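S.K.: Pasting a structure below so you can have a look.
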Amino acid sequence: MHANLASIMPQIVATWCEQDGHHVEFVCYTGREDIADELPDDLDLVFIGAFTQAAQLSYAISELCRSRGAITVLGGPHARCYPEDSANYFDYVVGFADRTIIRDILTNGAKQRPVGVYLSAPAQPQHLPGVEERWKFAELTLKKAPLIKIVPMLGSLGCPYTCSFCIDSEVPYQPLDFDVLKSDLRFLRSRYKHPRIAWHDPNFGIRFNDYMNAIEEAVPAGTVDFIAESSLSILKEDHLKRLQRNGFKAILPGVESWYDMGNKSKTGKNHGLDKVSQVSEHVAMIQRYIPYIQTNFVLGLDVDAGTEPFELTKQFVDRTPGTFPGYSLLSAFGRAAPLNLEYQRTDRVLPFPFHFLNNNHAMNVKPANYSWPDFYEHVIDLTRHTFSWRAIGRRFRAVKSAIPRWMNVVRAISSEGFGRLKYYREIRRRLEEDLPLRRYFERDTTELPQFFQDRVKRDLGPLWYWLPKGALFHDPNAYLKAESAAPVTPLTLKPRATAG
Ligand code: B12
Ligand code: SF4
């Protein structure tokens with residue numbers, strides 16, 4: 001499925017470059033290809049888009065390309081979250097990107113070493129090329145997807161809400177062009193008999209009626225399938241009816257916690273139980289309209305203490321068998337959210353290599369109310385409960401449509417369910433038996449345990465040899481230090497004049 005999860009932005013950057021007359025080679029790396037083989041020898045400039053979990057991979061690829069004489073540019077979530085570290089391995093690191101920034105790099109770009117230049121547009125772009133305009137590159141990506149092809153689309157950027165843990169808390173909400181959206185939907189119907197579209201909006205449906213009107217104007221009801229991330233507050237019954245009519249087949253609402261997010265004073269036992277009942281009923285109602293639901297939770301939040309939050313989630317799993325629960329371990333991705341400053345100020349951020357920062361393979365914030373062994377014990381218990389054969393069977397029976405019910409089984413028995421359980425057990429065991437690893441978790445040493453180093457080496461394969469010296473390590477407090485040096489510095493940096 002990996003190619004179905006690919007980002008939109010690399011396709012857009014490729015489109016802009018080509019429109020400016022450059023010859024573009026586009027590679028969607030799903031983890032299976034031999035990347036050294038896929039890259040042409042005569043590269044002038046390489047753009048890489050990466051999540052933080054792919055940071056080390058991107059650093060190694062940058063090093064490889066630089067050795068062949070190319071200028072390298074990093075963009076995407078990792079660049080936005082960790083610009084200071086990324087600048088050590090790229091000539092340019094891009095925050096918000098628009099056409100002007102990309103054009104500037106193409107026209108004025110030069111090698112920037114040893115430390116690269118950070119560039120960012122003042123805000124998220126007002127316009128982005130739609131699917132039709134970036135089709136050449138979207139199609140190249142989707143060729144790598146198996147039978148099911150899911151086209152990514154974007155209807156809006158930012159969010160009107162300000163949850164302090166979220167990357168969008170300070171990014172104003174803005175809808176993108178509705179005319180582009182409509183013509184893209186029509187275009188996709190000319191490409192596929194029954195297109196499947198995933199909205200990459202952070203919170204789909206903020207201007208609910210506008211989006212539904214646009215979809216209804218563009219395509220006959222039920223001729224396109226949609227997937228979207230949306231909040232429970234948007235998923236009211238009248239909205240659900242309209243979503244169903246318009247072909248929304250999968251929805252991913254965030255529950256996050258049984259206590260108020262960010263609210264340090266827990267409001268008591270009943271509050272948690274009440275919320276479980278309320279959310280269970282709500283999700284059961286959603287299920288009457290939408291075949292596939294994934295409910296997202298964050299484990300290890302500061303509001304959580306003791307067994308209660310985990311037991312409540314187990315109750316939710318039992319009461320709501322038709323949903324697939326997605327668990328994330330609390331993670332502070334550098335500059336992603338204002339709350340991360342607080343974690344850094346209180347010295348709670350651990351320097352796990354970026355490779356493990358995918359919400360599951362490491363939790364880089366020291367839990368406020370648990371010891372590490374206790375915390376992993378609870379996570380194991382919850383994961384075991386969620387992916388027990390009994391729960392898998394109940395989930396299978398509760399979901400009626402064929403693809404969603406089998407997808408739940410596959411996700412449970414693959415690396416996501418069984419795989420994570422195995423991994424958590426391994427960490428739990430090592431917390432007892434592997435002293436260097438335990439000392440690292442307890443912040444008694446910053447020496448990277450062999451276990452983590454070996455895994456990066458294994459996962460990078462031949463690219464391990466291109467990983468620059470020191471690239472396994474980063475300063476977990478870089479955001480705080482940068483803010484303290486210049487308290488109200490905005491993320492935006494002006495392009496520097498380049499030379500040579
Ligand atoms: C849609 C989405 C998904 C989708 C699509 C993923 C994808 N490949 O894009 C799905 C559901 C698959 C997904 C999965 C995951 N996601 Co996600 N996702 C998002 C979300 C909500 C929107 C991203 C988006 O497309 N925005 C629209 C684009 C246009 O805006 P943008 O990303 O801000 O990009 C701007 C700049 O960064 C820049 N840019 C972006 N890419 C590039 C590339 C180049 C070359 C250049 C020059 C510039 C550039 O230009 C853009 C315009 O300014 C963000 C939250 C958010 N609001 O950002 C989380 C987010 C990106 N996801 C996150 C995470 C952790 C994950 C998962 C690891 C979760 C998990 N455990 O499974 C997986 C990993 C997926 C993978 N492919 O590796 C984190 C990433 C943190 C980090 N530093 O790595 C985020 C930030 C949420 C968070 N926790 O804060 N995700
Ligand atoms: S968590 Fe959801 S509602 Fe809150 S700011 Fe982020 S996208 Fe918006």
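Going through the structure tokens in order, the chains are called A, B, and so on, while each chain numbers its residues from 1 and the ligands are numbered from 1 in the order shown.
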Could you list, as a list in words, all the residues within 6 Å of ligand 2, counting only C-alpha atoms and all ligand atoms?
M.R.: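 The residues within 6 Å of ligand 2, counting only C-alpha atoms and all ligand atoms, are Cys159, Tyr161, Thr162, Cys163, Cys166, Asp168, Ser169, Pro202 and Asn203 of chain A.
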S.K.: Could you please extract the residues within 6 Å of ligand 1, counting only C-alpha atoms and all ligand atoms, and hand them back as a count of residues only?
M.R.: 34
S.K.: With only C-alpha atoms as the counted atoms, please give the residues lying no more than 7 Å from segment 411-423 of chain A, apart from itself and same-chain residues fewer than 2 positions off, as a PyMOL selection string.
M.R.: chain A and resi 380+383-384+387+407-409+425-427
S.K.: For the residues in that selection, give me C-alpha atoms as a CSV table (one decimal), in the first residue's frame.
M.R.:
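As written to disk, part08.csv reads:
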```
chain,number,residue,atom,x,y,z
A,380,ILE,CA,1.6,-4.2,25.6
A,383,THR,CA,-2.1,-3.8,22.1
A,384,ARG,CA,-2.6,-7.5,23.0
A,387,PHE,CA,-5.2,-7.5,18.4
A,407,MET,CA,-8.3,-4.7,5.7
A,408,ASN,CA,-8.8,-4.8,9.4
A,409,VAL,CA,-7.6,-8.4,9.6
A,425,ARG,CA,7.7,-6.8,24.1
A,426,GLU,CA,11.3,-6.7,22.9
A,427,ILE,CA,11.7,-3.2,24.3
```
S.K.: Between A:Ala70, A:Ile148, A:Leu240, A:Leu140, which residue has the minimum interatomic distance to Ile403 of chain A, considering only C-alpha atoms?
M.R.: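 Selected residue with least distance to Ile403 of chain A: A:Ile148.
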S.K.: Got a sec to tell me which of segment 13-148 of chain A DSSP assigns to alpha helix (DSSP H), as a VMD selection string?
M.R.: chain A and resid 13 to 19 35 to 38 55 to 67 77 to 81 83 to 86 99 to 108 135 to 142
S.K.: When you draw a straight line from atom CA of Trp389 of chain A to atom CA of Phe356 of chain A, how long is it in Å?
M.R.: 28.0 Å
S.K.: Could you tell me how far atom CA of Ala36 of chain A lies from atom CA of Asp459 of chain A, in Å and to one decimal?
M.R.: 15.1 Å
S.K.: My list of candidates is A:Leu176, A:Ala218, A:Val93, A:Val151. Which is closest to Tyr118 of chain A when distances are computed with only C-alpha atoms?
M.R.: A:Val93
S.K.: At a cut-off of 12 Å, using only C-alpha atoms, what residues contact segment 37-40 of chain A? Leave out same-chain residues fewer than 5 positions from it and give the result as an MDAnalysis selection string.
M.R.: chainID A and resid 23:29 32 45:48 61:62 64:65 68:70 462:463
S.K.: Choose the residue, out of A:Ala391, A:Ala402, A:Val279, A:Val379, that has the smallest atom-to-atom separation from Pro321 of chain A; count only C-alpha atoms.
M.R.: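 Using only C-alpha atoms, the shortest distance to Pro321 of chain A belongs to A:Ala391.
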S.K.: As a PDB file with N, CA and C atoms, in the first residue's frame, please: the residues near Tyr192 of chain A (cut-off 12 Å, only C-alpha atoms, same-chain neighbours under 6 positions excluded).
M.R.:
```
ATOM      1  N   GLU A 139       0.676   9.829 -11.460  1.00  0.00           N
ATOM      2  CA  GLU A 139       0.510   8.538 -12.130  1.00  0.00           C
ATOM      3  C   GLU A 139       1.742   7.646 -11.931  1.00  0.00           C
ATOM      4  N   ILE A 148      -5.393  -1.628  -5.651  1.00  0.00           N
ATOM      5  CA  ILE A 148      -6.141  -0.442  -5.224  1.00  0.00           C
ATOM      6  C   ILE A 148      -5.267   0.794  -5.414  1.00  0.00           C
ATOM      7  N   LYS A 149      -5.787   1.771  -6.165  1.00  0.00           N
ATOM      8  CA  LYS A 149      -5.028   3.019  -6.394  1.00  0.00           C
ATOM      9  C   LYS A 149      -5.757   4.154  -5.692  1.00  0.00           C
ATOM     10  N   ILE A 150      -5.075   4.827  -4.788  1.00  0.00           N
ATOM     11  CA  ILE A 150      -5.722   5.921  -4.049  1.00  0.00           C
ATOM     12  C   ILE A 150      -5.031   7.235  -4.407  1.00  0.00           C
ATOM     13  N   VAL A 151      -5.798   8.148  -4.990  1.00  0.00           N
ATOM     14  CA  VAL A 151      -5.205   9.414  -5.443  1.00  0.00           C
ATOM     15  C   VAL A 151      -5.279  10.437  -4.300  1.00  0.00           C
ATOM     16  N   LEU A 185     -11.856  16.491  -9.830  1.00  0.00           N
ATOM     17  CA  LEU A 185     -12.754  15.349  -9.631  1.00  0.00           C
ATOM     18  C   LEU A 185     -13.258  14.847 -10.984  1.00  0.00           C
ATOM     19  N   ARG A 186     -13.609  15.789 -11.856  1.00  0.00           N
ATOM     20  CA  ARG A 186     -14.084  15.385 -13.193  1.00  0.00           C
ATOM     21  C   ARG A 186     -12.958  14.698 -13.957  1.00  0.00           C
ATOM     22  N   THR A 223     -20.098   7.991  -7.376  1.00  0.00           N
ATOM     23  CA  THR A 223     -19.207   7.548  -8.451  1.00  0.00           C
ATOM     24  C   THR A 223     -17.735   7.638  -8.051  1.00  0.00           C
ATOM     25  N   VAL A 224     -17.475   8.232  -6.908  1.00  0.00           N
ATOM     26  CA  VAL A 224     -16.100   8.354  -6.416  1.00  0.00           C
ATOM     27  C   VAL A 224     -16.105   7.910  -4.943  1.00  0.00           C
ATOM     28  N   ASP A 225     -15.047   7.196  -4.516  1.00  0.00           N
ATOM     29  CA  ASP A 225     -14.913   6.851  -3.089  1.00  0.00           C
ATOM     30  C   ASP A 225     -13.934   7.814  -2.433  1.00  0.00           C
TER      31      ASP A 225
END
```
S.K.: Would you compute the distance between atom CA of Ser388 of chain A and atom CA of Val317 of chain A? Give it in Å to one decimal.
M.R.: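 We find that atom CA of Ser388 of chain A and atom CA of Val317 of chain A lie 11.1 Å from each other.
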S.K.: Env of Val255 of chain A: 8 Å cut, atoms = only C-alpha atoms, seq-sep filter 4 positions within chain, self excluded. Answer as a list in words.
M.R.: Leu232, Val279, Thr295, Asn296 and Phe297 of chain A
S.K.: At a cut-off of 8 Å, using only C-alpha atoms, what residues contact Leu329 of chain A? Leave out same-chain residues fewer than 5 positions from it and give the result as an mmCIF file with C-alpha atoms, in the first residue's frame.
M.R.:
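Output below, filename out-v2.cif:
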```cif
data_model
loop_
_atom_site.group_PDB
_atom_site.id
_atom_site.type_symbol
_atom_site.label_atom_id
_atom_site.label_comp_id
_atom_site.auth_asym_id
_atom_site.auth_seq_id
_atom_site.Cartn_x
_atom_site.Cartn_y
_atom_site.Cartn_z
ATOM 1 C CA VAL A 298 -2.253 9.100 21.790
ATOM 2 C CA LEU A 299 -0.718 6.978 24.565
ATOM 3 C CA GLY A 300 1.388 8.454 27.348
ATOM 4 C CA ASN A 359 4.796 7.396 16.797
ATOM 5 C CA ASN A 360 5.500 3.737 17.447
ATOM 6 C CA ALA A 362 10.088 5.144 20.117
ATOM 7 C CA MET A 363 8.366 7.546 22.447
#
```
S.K.: DSSP says strand (DSSP E or B) for which residues of segment 109-352 of chain A? Put them as an NGL selection string?
M.R.: :A and (117-119 or 151-153 or 156-157 or 174-175 or 196-199 or 225-229 or 248-252 or 254-256 or 292-299 or 323-329 or 349)
